[in-house]
$ cat start_2.tsv   # TSV, C-alpha atoms and all ligand atoms
chain	number	residue	atom	x	y	z
A	1	MET	CA	23.61	47.26	-7.24
A	2	LYS	CA	26.39	49.70	-8.19
A	3	LEU	CA	30.12	49.09	-8.01
A	4	CYS	CA	32.21	51.80	-6.34
A	5	VAL	CA	35.96	51.44	-6.87
A	6	ALA	CA	38.16	52.71	-4.02
A	7	LEU	CA	41.04	54.87	-5.25
A	8	ASP	CA	43.42	54.20	-2.35
A	9	LEU	CA	46.70	54.06	-4.28
A	10	PRO	CA	49.96	55.66	-3.06
A	11	THR	CA	50.12	58.42	-5.69
A	12	LEU	CA	47.74	60.65	-7.63
A	13	GLU	CA	49.19	59.31	-10.89
A	14	GLU	CA	48.41	55.69	-9.99
A	15	ASN	CA	44.83	56.58	-9.03
A	16	LEU	CA	44.33	58.47	-12.29
A	17	LYS	CA	45.82	55.60	-14.29
A	18	LEU	CA	43.30	53.23	-12.69
A	19	ALA	CA	40.42	55.67	-13.32
A	20	LYS	CA	41.43	55.95	-17.00
A	21	MET	CA	41.45	52.16	-17.37
A	22	ILE	CA	37.86	51.88	-16.17
A	23	LYS	CA	36.45	55.19	-17.39
A	24	ASP	CA	33.92	53.66	-19.79
A	25	TYR	CA	32.13	51.47	-17.27
A	26	ASP	CA	29.04	52.36	-15.29
A	27	ILE	CA	30.85	52.65	-11.97
A	28	TRP	CA	31.37	55.00	-9.04
A	29	LEU	CA	34.73	56.04	-7.64
A	30	LYS	CA	35.62	56.47	-4.00
A	31	VAL	CA	38.14	59.05	-2.83
A	32	GLY	CA	39.08	58.41	0.77
A	33	LEU	CA	41.34	59.76	3.48
A	34	ARG	CA	44.68	58.84	1.93
A	35	SER	CA	43.99	60.32	-1.48
A	36	TYR	CA	42.07	63.39	-0.30
A	37	ILE	CA	44.62	64.33	2.35
A	38	ARG	CA	47.40	64.05	-0.21
A	39	ASP	CA	45.74	65.54	-3.30
A	40	GLY	CA	42.73	67.52	-2.06
A	41	LYS	CA	40.21	68.93	-4.53
A	42	LYS	CA	42.69	68.41	-7.34
A	43	ILE	CA	41.93	64.70	-7.51
A	44	ILE	CA	38.22	65.39	-7.93
A	45	GLN	CA	38.92	67.79	-10.77
A	46	GLU	CA	41.35	65.40	-12.45
A	47	LEU	CA	38.81	62.57	-12.25
A	48	LYS	CA	36.14	64.79	-13.83
A	49	ASN	CA	38.64	65.62	-16.59
A	50	ILE	CA	38.90	61.90	-17.34
A	51	ASN	CA	35.13	61.43	-17.42
A	52	SER	CA	32.83	64.28	-16.43
A	53	ASN	CA	30.10	61.72	-15.67
A	54	PHE	CA	32.09	59.90	-13.01
A	55	LYS	CA	30.07	59.74	-9.80
A	56	ILE	CA	32.25	60.27	-6.75
A	57	PHE	CA	31.91	59.18	-3.14
A	58	LEU	CA	34.08	61.31	-0.84
A	59	ASP	CA	34.80	59.00	2.10
A	60	LEU	CA	36.02	61.33	4.86
A	61	LYS	CA	33.85	59.95	7.69
A	62	LEU	CA	33.25	63.22	9.52
A	63	TYR	CA	33.19	63.06	13.31
A	64	ASP	CA	33.21	66.29	15.34
A	65	ILE	CA	30.93	68.67	17.21
A	66	PRO	CA	27.69	69.57	15.37
A	67	ASN	CA	28.67	73.06	14.19
A	68	THR	CA	32.05	71.91	12.87
A	69	MET	CA	30.41	69.02	11.03
A	70	ALA	CA	27.75	71.26	9.49
A	71	ASP	CA	30.46	73.73	8.36
A	72	ALA	CA	32.48	70.90	6.83
A	73	ALA	CA	29.39	69.47	5.13
A	74	SER	CA	28.56	72.79	3.47
A	75	GLU	CA	32.15	73.01	2.18
A	76	ILE	CA	31.93	69.42	0.87
A	77	ALA	CA	28.67	70.23	-0.92
A	78	GLU	CA	30.61	72.84	-2.96
A	79	ILE	CA	33.21	70.37	-4.23
A	80	GLY	CA	30.97	68.65	-6.75
A	81	ILE	CA	30.95	65.15	-5.32
A	82	ASP	CA	27.89	62.88	-5.13
A	83	ILE	CA	28.08	61.06	-1.78
A	84	PHE	CA	29.83	61.83	1.50
A	85	ASN	CA	29.64	60.23	4.92
A	86	ILE	CA	29.51	61.12	8.60
A	87	HIS	CA	29.75	58.98	11.73
A	88	ILE	CA	26.41	58.08	13.30
A	89	THR	CA	28.15	58.01	16.68
A	90	SER	CA	28.75	61.76	16.33
A	91	GLY	CA	25.15	61.93	17.61
A	92	ALA	CA	21.65	63.00	16.58
A	93	GLN	CA	22.34	66.71	16.94
A	94	ALA	CA	25.39	66.52	14.68
A	95	MET	CA	23.55	64.47	12.05
A	96	LYS	CA	20.57	66.85	12.09
A	97	SER	CA	22.83	69.91	11.86
A	98	VAL	CA	24.53	68.47	8.78
A	99	MET	CA	21.22	67.71	7.06
A	100	GLN	CA	19.71	71.09	7.94
A	101	ARG	CA	22.74	72.89	6.58
A	102	ILE	CA	22.76	71.19	3.19
A	103	ASN	CA	19.07	70.44	2.65
A	104	ASN	CA	18.35	73.56	0.62
A	105	ILE	CA	21.24	73.05	-1.76
A	106	LYS	CA	20.05	72.09	-5.24
A	107	ASN	CA	21.25	68.57	-6.14
A	108	ARG	CA	22.88	68.18	-2.75
A	109	PRO	CA	25.15	65.16	-2.24
A	110	ILE	CA	23.75	61.97	-0.72
A	111	VAL	CA	24.70	61.66	2.97
A	112	LEU	CA	25.44	58.26	4.48
A	113	GLY	CA	25.99	57.43	8.14
A	114	VAL	CA	28.91	55.22	9.08
A	115	SER	CA	27.61	52.48	11.40
A	116	VAL	CA	29.92	49.63	12.42
A	117	LEU	CA	33.17	49.50	10.42
A	118	THR	CA	33.61	46.27	8.45
A	119	SER	CA	37.02	45.88	10.10
A	120	PHE	CA	35.27	45.03	13.41
A	121	ASP	CA	34.40	41.48	14.35
A	122	ASN	CA	32.16	40.73	17.33
A	123	GLN	CA	35.06	40.39	19.73
A	124	ASN	CA	36.89	43.64	19.01
A	125	PHE	CA	33.56	45.49	18.70
A	126	LYS	CA	32.48	44.34	22.17
A	127	ASP	CA	35.85	45.42	23.47
A	128	ILE	CA	35.15	49.06	22.64
A	129	TYR	CA	31.31	49.34	22.53
A	130	ASN	CA	30.38	46.65	25.08
A	131	SER	CA	27.56	45.46	22.81
A	132	THR	CA	27.00	43.24	19.77
A	133	ILE	CA	27.32	44.33	16.15
A	134	GLU	CA	23.86	42.97	15.38
A	135	LYS	CA	22.15	45.08	18.05
A	136	LYS	CA	24.12	48.26	17.49
A	137	SER	CA	24.01	48.29	13.72
A	138	LEU	CA	20.19	48.25	13.79
A	139	PHE	CA	20.13	50.88	16.52
A	140	PHE	CA	22.52	53.12	14.53
A	141	ALA	CA	20.43	52.63	11.38
A	142	LYS	CA	17.25	53.74	13.16
A	143	LYS	CA	19.00	56.85	14.49
A	144	ALA	CA	20.43	57.77	11.10
A	145	ASN	CA	17.01	57.31	9.50
A	146	GLU	CA	15.33	59.44	12.20
A	147	CYS	CA	17.87	62.17	11.55
A	148	LYS	CA	16.95	62.08	7.84
A	149	LEU	CA	20.22	60.77	6.46
A	150	ASP	CA	19.88	59.11	3.06
A	151	GLY	CA	21.42	55.81	4.05
A	152	ILE	CA	24.13	53.96	5.86
A	153	VAL	CA	27.57	52.38	5.48
A	154	CYS	CA	27.32	48.83	6.84
A	155	SER	CA	28.48	45.30	6.08
A	156	ALA	CA	26.57	43.34	3.45
A	157	TYR	CA	25.26	41.04	6.20
A	158	GLU	CA	23.35	43.89	7.88
A	159	SER	CA	21.88	45.55	4.79
A	160	LYS	CA	18.61	43.63	4.44
A	161	ASN	CA	17.63	43.91	8.12
A	162	ILE	CA	18.47	47.61	8.05
A	163	LYS	CA	16.15	48.18	5.11
A	164	GLU	CA	13.44	46.22	6.91
A	165	ILE	CA	13.54	48.35	10.06
A	166	THR	CA	13.96	51.68	8.20
A	167	ASN	CA	12.58	51.59	4.66
A	168	PRO	CA	13.52	49.93	1.35
A	169	ASN	CA	14.76	53.25	-0.04
A	170	PHE	CA	17.20	53.82	2.82
A	171	LEU	CA	20.47	53.30	0.96
A	172	THR	CA	23.09	50.77	2.02
A	173	LEU	CA	26.73	50.91	0.96
A	174	SER	CA	28.98	48.01	1.88
A	175	PRO	CA	32.77	47.80	1.92
A	176	GLY	CA	34.53	44.57	2.89
A	177	ILE	CA	33.59	42.89	-0.40
A	178	ARG	CA	35.84	40.11	-1.65
A	179	PRO	CA	34.30	39.06	-4.98
A	180	PHE	CA	36.42	36.02	-5.82
A	181	GLY	CA	37.69	34.76	-2.46
A	182	GLU	CA	40.57	37.24	-2.23
A	183	GLU	CA	42.46	37.88	1.02
A	184	SER	CA	40.36	39.74	3.58
A	185	ASN	CA	43.32	41.92	4.76
A	186	ASP	CA	42.20	44.12	7.71
A	187	GLN	CA	38.49	43.59	6.92
A	188	LYS	CA	36.60	41.18	9.21
A	189	ARG	CA	32.97	41.07	8.04
A	190	VAL	CA	33.75	40.23	4.41
A	191	ALA	CA	31.11	39.15	1.92
A	192	ASN	CA	31.06	38.09	-1.72
A	193	LEU	CA	28.89	39.48	-4.53
A	194	GLU	CA	26.09	36.94	-4.04
A	195	ILE	CA	25.75	37.78	-0.34
A	196	ALA	CA	25.68	41.49	-1.21
A	197	LYS	CA	22.96	40.92	-3.81
A	198	GLU	CA	20.86	38.73	-1.51
A	199	ASN	CA	21.04	41.44	1.13
A	200	LEU	CA	19.88	44.14	-1.31
A	201	VAL	CA	23.02	46.26	-0.97
A	202	ASP	CA	22.79	49.40	-3.13
A	203	PHE	CA	26.54	50.11	-3.45
A	204	ILE	CA	29.48	47.75	-3.02
A	205	VAL	CA	32.87	49.35	-2.38
A	206	ILE	CA	35.90	47.41	-3.57
A	207	GLY	CA	39.52	48.52	-3.34
A	208	ARG	CA	42.39	46.06	-3.00
A	209	PRO	CA	40.78	43.14	-4.88
A	210	ILE	CA	40.68	45.48	-7.90
A	211	TYR	CA	43.79	47.66	-7.71
A	212	ARG	CA	46.04	44.84	-6.50
A	213	SER	CA	44.84	42.40	-9.16
A	214	ASN	CA	47.03	41.65	-12.17
A	215	ASP	CA	44.48	43.18	-14.51
A	216	PRO	CA	42.23	45.73	-12.76
A	217	LYS	CA	40.17	46.43	-15.88
A	218	TYR	CA	39.39	42.75	-16.36
A	219	THR	CA	38.55	42.37	-12.66
A	220	VAL	CA	36.07	45.27	-12.89
A	221	GLU	CA	34.54	43.70	-15.99
A	222	LYS	CA	34.16	40.34	-14.23
A	223	ILE	CA	32.52	41.99	-11.22
A	224	LEU	CA	30.12	43.98	-13.40
A	225	LYS	CA	29.05	40.82	-15.21
A	226	ARG	CA	28.21	39.17	-11.91
A	227	ILE	CA	26.16	42.04	-10.48
E	1	LIG	O1	40.59	47.48	-0.09
E	1	LIG	P1	39.20	47.31	0.42
E	1	LIG	O2	38.26	46.69	-0.61
E	1	LIG	O3	39.13	46.64	1.77
E	1	LIG	O4	38.70	48.81	0.60
E	1	LIG	C1	37.56	49.20	1.27
E	1	LIG	C2	37.49	50.70	1.24
E	1	LIG	O5	36.30	51.07	1.89
E	1	LIG	C3	38.63	51.41	1.95
E	1	LIG	O6	38.91	52.59	1.21
E	1	LIG	C4	38.06	51.76	3.30
E	1	LIG	O7	38.60	52.96	3.81
E	1	LIG	C5	36.60	51.96	2.98
E	1	LIG	N1	35.65	51.78	4.05
E	1	LIG	C6	35.58	50.63	4.83
E	1	LIG	N2	34.68	50.56	5.85
E	1	LIG	C7	33.83	51.54	6.10
E	1	LIG	C8	33.86	52.70	5.30
E	1	LIG	C9	34.79	52.77	4.28
E	1	LIG	O8	36.34	49.69	4.57
E	1	LIG	N3	32.93	51.43	7.04
$ encode --input "start_2.tsv" --output "structure tokens" --more "lines below"
Ligand code: C5P
Amino acid sequence: MKLCVALDLPTLEENLKLAKMIKDYDIWLKVGLRSYIRDGKKIIQELKNINSNFKIFLDLKLYDIPNTMADAASEIAEIGIDIFNIHITSGAQAMKSVMQRINNIKNRPIVLGVSVLTSFDNQNFKDIYNSTIEKKSLFFAKKANECKLDGIVCSAYESKNIKEITNPNFLTLSPGIRPFGEESNDQKRVANLEIAKENLVDFIVIGRPIYRSNDPKYTVEKILKRI
């Protein structure tokens, strides 16, 4: 299981300071909407300047018509990042168009499908999808696998079942991790490190419990020891 640290801080400088603190660990970094909208490709370059071996997950959660998504995916593949994600609910045609467009690129990034956000609980999920998380997350996983995506973004609780109905190599990446009983904030389906391990999660994404801790470097160290 790999740790991916979310760089969701309010300024480029604060994100880079955090990346410098943890540059010698075997970790991934996640650049999401806030940081990418503000700093664009510059943040990727600056992170590579800190450690050229940093692996980066660009979390932009694409959702659009198939041609627009495929165009965006081919631009993303040029940036030099290692994972990006698209919404499974954008549909089979959109997912297939993305994969077709980037499949011939040498060392193409890993593509993950966003299933059910970890900020949903059963009640507010039913409110918008009129179904249960359990049913839909497996259904989304099957679709993403059929469309040849490399894996899925899901909660730790769904990871093991998803691997069972797809295949063990279908990657799972789980946000909503609270390693030491921290506040769940806006996340609803939160899990700790043991639950993530038991459920065979490949990547855990952790933001606030690290960057809001008194000593982010020590928190990363403690997490790495436990995984
Ligand atoms: O601070 P916290 O640990 O909750 O951060 C989780 C990170 O993972 C955030 O950057 C959030 O945008 C991202 N994420 C998520 N749920 C998804 C996909 C990404 O929480 N399904």
$ closest_residue --input "start_2.tsv" --among "A:Ile37, A:Val220, A:Ile152, A:Met69" --to "ligand LIG 1 (chain E)" --atoms "only C-alpha atoms and all ligand atoms"
A:Ile152
$ atom_distance --input "start_2.tsv" --atom1 "CA of Thr172 in chain A" --atom2 "CA of Lys41 in chain A"
25.8 Å
$ closest_atom_pairs --input "start_2.tsv" --of "chain A" --to "ligand LIG 1 (chain E)" --cutoff "8 Å" --atoms "all atoms listed in the file" --output "tab-separated table"
residue	atom	partner	partner_atom	distance
A:Ala6	CA	E:LIG1	O6	5.3
A:Leu7	CA	E:LIG1	O6	7.2
A:Asp8	CA	E:LIG1	O6	6.0
A:Lys30	CA	E:LIG1	O6	7.3
A:Val31	CA	E:LIG1	O6	7.7
A:Gly32	CA	E:LIG1	O6	5.8
A:Leu33	CA	E:LIG1	O7	7.3
A:Asp59	CA	E:LIG1	C9	6.6
A:Lys61	CA	E:LIG1	C8	7.6
A:Val114	CA	E:LIG1	N3	5.9
A:Ser115	CA	E:LIG1	N3	7.0
A:Val116	CA	E:LIG1	N3	6.4
A:Leu117	CA	E:LIG1	N3	3.9
A:Thr118	CA	E:LIG1	N2	5.1
A:Ser119	CA	E:LIG1	N2	6.7
A:Val153	CA	E:LIG1	N3	5.7
A:Cys154	CA	E:LIG1	N3	6.2
A:Ser155	CA	E:LIG1	N3	7.6
A:Ser174	CA	E:LIG1	C7	7.3
A:Pro175	CA	E:LIG1	O5	4.8
A:Gly176	CA	E:LIG1	O3	5.2
A:Ile177	CA	E:LIG1	O2	6.0
A:Arg178	CA	E:LIG1	O2	7.1
A:Ser184	CA	E:LIG1	O3	7.2
A:Asn185	CA	E:LIG1	O3	7.0
A:Asp186	CA	E:LIG1	O3	7.1
A:Gln187	CA	E:LIG1	O3	6.0
A:Val205	CA	E:LIG1	O5	5.7
A:Ile206	CA	E:LIG1	O2	3.9
A:Gly207	CA	E:LIG1	O2	3.5
A:Arg208	CA	E:LIG1	O1	3.7
A:Pro209	CA	E:LIG1	O2	6.1
A:Ile210	CA	E:LIG1	O2	7.8
$ residues_around --input "start_2.tsv" --residues "range 48-56 of chain A" --least-positions-apart "5" --cutoff "6 Å" --atoms "only C-alpha atoms" --output "PDB file with C-alpha atoms, in the frame of the given file"
ATOM      1  CA  TRP A  28      31.370  55.000  -9.040  1.00  0.00           C
ATOM      2  CA  LEU A  29      34.730  56.040  -7.640  1.00  0.00           C
ATOM      3  CA  LYS A  30      35.620  56.470  -4.000  1.00  0.00           C
ATOM      4  CA  ILE A  81      30.950  65.150  -5.320  1.00  0.00           C
ATOM      5  CA  ASP A  82      27.890  62.880  -5.130  1.00  0.00           C
TER       6      ASP A  82
END
$ atom_distance --input "start_2.tsv" --atom1 "CA of Ala141 in chain A" --atom2 "CA of Asn104 in chain A"
23.6 Å
$ atom_distance --input "start_2.tsv" --atom1 "CA of Leu3 in chain A" --atom2 "CA of Ile27 in chain A"
5.4 Å
$ residues_near_point --input "start_2.tsv" --point "(31.1, 69.2, 16.2)" --cutoff "12 Å" --atoms "only C-alpha atoms" --output "list in words"
Leu62, Tyr63, Asp64, Ile65, Pro66, Asn67, Thr68, Met69, Ala70, Asp71, Ala72, Ala73, Ile86, His87, Thr89, Ser90, Gly91, Ala92, Gln93, Ala94, Met95, Lys96, Ser97 and Val98 of chain A
$ write_last_selection --input "start_2.tsv" --atoms "C-alpha atoms" --output "JSON list (two decimals), in the frame of the given file"
[["chain", "number", "residue", "atom", "x", "y", "z"],
["A", 62, "LEU", "CA", 33.25, 63.22, 9.52],
["A", 63, "TYR", "CA", 33.19, 63.06, 13.31],
["A", 64, "ASP", "CA", 33.21, 66.29, 15.34],
["A", 65, "ILE", "CA", 30.93, 68.67, 17.21],
["A", 66, "PRO", "CA", 27.69, 69.57, 15.37],
["A", 67, "ASN", "CA", 28.67, 73.06, 14.19],
["A", 68, "THR", "CA", 32.05, 71.91, 12.87],
["A", 69, "MET", "CA", 30.41, 69.02, 11.03],
["A", 70, "ALA", "CA", 27.75, 71.26, 9.49],
["A", 71, "ASP", "CA", 30.46, 73.73, 8.36],
["A", 72, "ALA", "CA", 32.48, 70.90, 6.83],
["A", 73, "ALA", "CA", 29.39, 69.47, 5.13],
["A", 86, "ILE", "CA", 29.51, 61.12, 8.60],
["A", 87, "HIS", "CA", 29.75, 58.98, 11.73],
["A", 89, "THR", "CA", 28.15, 58.01, 16.68],
["A", 90, "SER", "CA", 28.75, 61.76, 16.33],
["A", 91, "GLY", "CA", 25.15, 61.93, 17.61],
["A", 92, "ALA", "CA", 21.65, 63.00, 16.58],
["A", 93, "GLN", "CA", 22.34, 66.71, 16.94],
["A", 94, "ALA", "CA", 25.39, 66.52, 14.68],
["A", 95, "MET", "CA", 23.55, 64.47, 12.05],
["A", 96, "LYS", "CA", 20.57, 66.85, 12.09],
["A", 97, "SER", "CA", 22.83, 69.91, 11.86],
["A", 98, "VAL", "CA", 24.53, 68.47, 8.78]]
$ decode --input "start_2.tsv" --residues "range 147-171 of chain A" --atoms "N, CA, C and O atoms" --output "PDB file, in the first residue's frame"
ATOM      1  N   CYS A 147     -14.307  -0.906 -19.558  1.00  0.00           N
ATOM      2  CA  CYS A 147     -13.805   0.159 -20.440  1.00  0.00           C
ATOM      3  C   CYS A 147     -12.282   0.281 -20.381  1.00  0.00           C
ATOM      4  O   CYS A 147     -11.714   1.236 -20.911  1.00  0.00           O
ATOM      5  N   LYS A 148     -11.648  -0.671 -19.697  1.00  0.00           N
ATOM      6  CA  LYS A 148     -10.178  -0.804 -19.668  1.00  0.00           C
ATOM      7  C   LYS A 148      -9.456   0.280 -18.888  1.00  0.00           C
ATOM      8  O   LYS A 148      -8.284   0.568 -19.147  1.00  0.00           O
ATOM      9  N   LEU A 149     -10.149   0.880 -17.919  1.00  0.00           N
ATOM     10  CA  LEU A 149      -9.441   1.775 -17.012  1.00  0.00           C
ATOM     11  C   LEU A 149      -8.511   0.927 -16.141  1.00  0.00           C
ATOM     12  O   LEU A 149      -8.685  -0.287 -16.037  1.00  0.00           O
ATOM     13  N   ASP A 150      -7.543   1.565 -15.509  1.00  0.00           N
ATOM     14  CA  ASP A 150      -6.565   0.812 -14.713  1.00  0.00           C
ATOM     15  C   ASP A 150      -7.039   0.559 -13.287  1.00  0.00           C
ATOM     16  O   ASP A 150      -6.466  -0.272 -12.592  1.00  0.00           O
ATOM     17  N   GLY A 151      -8.043   1.296 -12.849  1.00  0.00           N
ATOM     18  CA  GLY A 151      -8.493   1.127 -11.478  1.00  0.00           C
ATOM     19  C   GLY A 151      -9.553   2.147 -11.127  1.00  0.00           C
ATOM     20  O   GLY A 151     -10.135   2.792 -12.015  1.00  0.00           O
ATOM     21  N   ILE A 152      -9.760   2.324  -9.837  1.00  0.00           N
ATOM     22  CA  ILE A 152     -10.918   3.070  -9.382  1.00  0.00           C
ATOM     23  C   ILE A 152     -10.593   3.871  -8.120  1.00  0.00           C
ATOM     24  O   ILE A 152      -9.719   3.485  -7.346  1.00  0.00           O
ATOM     25  N   VAL A 153     -11.283   4.994  -7.945  1.00  0.00           N
ATOM     26  CA  VAL A 153     -11.229   5.736  -6.686  1.00  0.00           C
ATOM     27  C   VAL A 153     -12.478   5.335  -5.904  1.00  0.00           C
ATOM     28  O   VAL A 153     -13.590   5.479  -6.419  1.00  0.00           O
ATOM     29  N   CYS A 154     -12.288   4.795  -4.702  1.00  0.00           N
ATOM     30  CA  CYS A 154     -13.434   4.292  -3.934  1.00  0.00           C
ATOM     31  C   CYS A 154     -13.099   4.409  -2.451  1.00  0.00           C
ATOM     32  O   CYS A 154     -11.966   4.736  -2.101  1.00  0.00           O
ATOM     33  N   SER A 155     -14.052   4.124  -1.586  1.00  0.00           N
ATOM     34  CA  SER A 155     -13.706   4.141  -0.162  1.00  0.00           C
ATOM     35  C   SER A 155     -13.009   2.822   0.163  1.00  0.00           C
ATOM     36  O   SER A 155     -13.160   1.825  -0.558  1.00  0.00           O
ATOM     37  N   ALA A 156     -12.264   2.828   1.272  1.00  0.00           N
ATOM     38  CA  ALA A 156     -11.536   1.613   1.666  1.00  0.00           C
ATOM     39  C   ALA A 156     -12.492   0.438   1.845  1.00  0.00           C
ATOM     40  O   ALA A 156     -12.145  -0.701   1.547  1.00  0.00           O
ATOM     41  N   TYR A 157     -13.718   0.720   2.280  1.00  0.00           N
ATOM     42  CA  TYR A 157     -14.679  -0.355   2.554  1.00  0.00           C
ATOM     43  C   TYR A 157     -15.083  -1.120   1.288  1.00  0.00           C
ATOM     44  O   TYR A 157     -15.522  -2.249   1.360  1.00  0.00           O
ATOM     45  N   GLU A 158     -14.960  -0.479   0.124  1.00  0.00           N
ATOM     46  CA  GLU A 158     -15.413  -1.121  -1.115  1.00  0.00           C
ATOM     47  C   GLU A 158     -14.287  -1.832  -1.868  1.00  0.00           C
ATOM     48  O   GLU A 158     -14.528  -2.614  -2.781  1.00  0.00           O
ATOM     49  N   SER A 159     -13.050  -1.544  -1.482  1.00  0.00           N
ATOM     50  CA  SER A 159     -11.892  -1.982  -2.275  1.00  0.00           C
ATOM     51  C   SER A 159     -11.834  -3.504  -2.511  1.00  0.00           C
ATOM     52  O   SER A 159     -11.671  -3.958  -3.642  1.00  0.00           O
ATOM     53  N   LYS A 160     -11.983  -4.271  -1.438  1.00  0.00           N
ATOM     54  CA  LYS A 160     -11.809  -5.728  -1.561  1.00  0.00           C
ATOM     55  C   LYS A 160     -12.878  -6.339  -2.474  1.00  0.00           C
ATOM     56  O   LYS A 160     -12.570  -7.144  -3.360  1.00  0.00           O
ATOM     57  N   ASN A 161     -14.122  -5.937  -2.286  1.00  0.00           N
ATOM     58  CA  ASN A 161     -15.198  -6.473  -3.133  1.00  0.00           C
ATOM     59  C   ASN A 161     -14.998  -6.076  -4.584  1.00  0.00           C
ATOM     60  O   ASN A 161     -15.299  -6.840  -5.503  1.00  0.00           O
ATOM     61  N   ILE A 162     -14.483  -4.869  -4.794  1.00  0.00           N
ATOM     62  CA  ILE A 162     -14.245  -4.402  -6.167  1.00  0.00           C
ATOM     63  C   ILE A 162     -13.176  -5.264  -6.839  1.00  0.00           C
ATOM     64  O   ILE A 162     -13.316  -5.679  -7.989  1.00  0.00           O
ATOM     65  N   LYS A 163     -12.132  -5.575  -6.110  1.00  0.00           N
ATOM     66  CA  LYS A 163     -11.082  -6.440  -6.676  1.00  0.00           C
ATOM     67  C   LYS A 163     -11.639  -7.833  -6.974  1.00  0.00           C
ATOM     68  O   LYS A 163     -11.257  -8.471  -7.950  1.00  0.00           O
ATOM     69  N   GLU A 164     -12.532  -8.299  -6.099  1.00  0.00           N
ATOM     70  CA  GLU A 164     -13.116  -9.625  -6.313  1.00  0.00           C
ATOM     71  C   GLU A 164     -13.954  -9.694  -7.587  1.00  0.00           C
ATOM     72  O   GLU A 164     -13.897 -10.667  -8.326  1.00  0.00           O
ATOM     73  N   ILE A 165     -14.746  -8.647  -7.853  1.00  0.00           N
ATOM     74  CA  ILE A 165     -15.609  -8.733  -9.050  1.00  0.00           C
ATOM     75  C   ILE A 165     -14.905  -8.255 -10.331  1.00  0.00           C
ATOM     76  O   ILE A 165     -15.419  -8.463 -11.414  1.00  0.00           O
ATOM     77  N   THR A 166     -13.750  -7.614 -10.196  1.00  0.00           N
ATOM     78  CA  THR A 166     -12.988  -7.218 -11.408  1.00  0.00           C
ATOM     79  C   THR A 166     -11.788  -8.147 -11.494  1.00  0.00           C
ATOM     80  O   THR A 166     -11.916  -9.266 -11.967  1.00  0.00           O
ATOM     81  N   ASN A 167     -10.641  -7.702 -10.998  1.00  0.00           N
ATOM     82  CA  ASN A 167      -9.495  -8.607 -10.842  1.00  0.00           C
ATOM     83  C   ASN A 167      -8.534  -8.005  -9.816  1.00  0.00           C
ATOM     84  O   ASN A 167      -8.566  -6.796  -9.579  1.00  0.00           O
ATOM     85  N   PRO A 168      -7.664  -8.838  -9.234  1.00  0.00           N
ATOM     86  CA  PRO A 168      -6.814  -8.366  -8.134  1.00  0.00           C
ATOM     87  C   PRO A 168      -5.881  -7.230  -8.566  1.00  0.00           C
ATOM     88  O   PRO A 168      -5.423  -6.449  -7.731  1.00  0.00           O
ATOM     89  N   ASN A 169      -5.612  -7.146  -9.867  1.00  0.00           N
ATOM     90  CA  ASN A 169      -4.713  -6.079 -10.335  1.00  0.00           C
ATOM     91  C   ASN A 169      -5.424  -4.776 -10.658  1.00  0.00           C
ATOM     92  O   ASN A 169      -4.788  -3.789 -11.034  1.00  0.00           O
ATOM     93  N   PHE A 170      -6.741  -4.780 -10.564  1.00  0.00           N
ATOM     94  CA  PHE A 170      -7.504  -3.544 -10.786  1.00  0.00           C
ATOM     95  C   PHE A 170      -7.243  -2.655  -9.570  1.00  0.00           C
ATOM     96  O   PHE A 170      -7.585  -3.013  -8.432  1.00  0.00           O
ATOM     97  N   LEU A 171      -6.597  -1.507  -9.823  1.00  0.00           N
ATOM     98  CA  LEU A 171      -6.094  -0.691  -8.711  1.00  0.00           C
ATOM     99  C   LEU A 171      -7.214  -0.008  -7.934  1.00  0.00           C
ATOM    100  O   LEU A 171      -8.209   0.417  -8.522  1.00  0.00           O
TER     101      LEU A 171
END
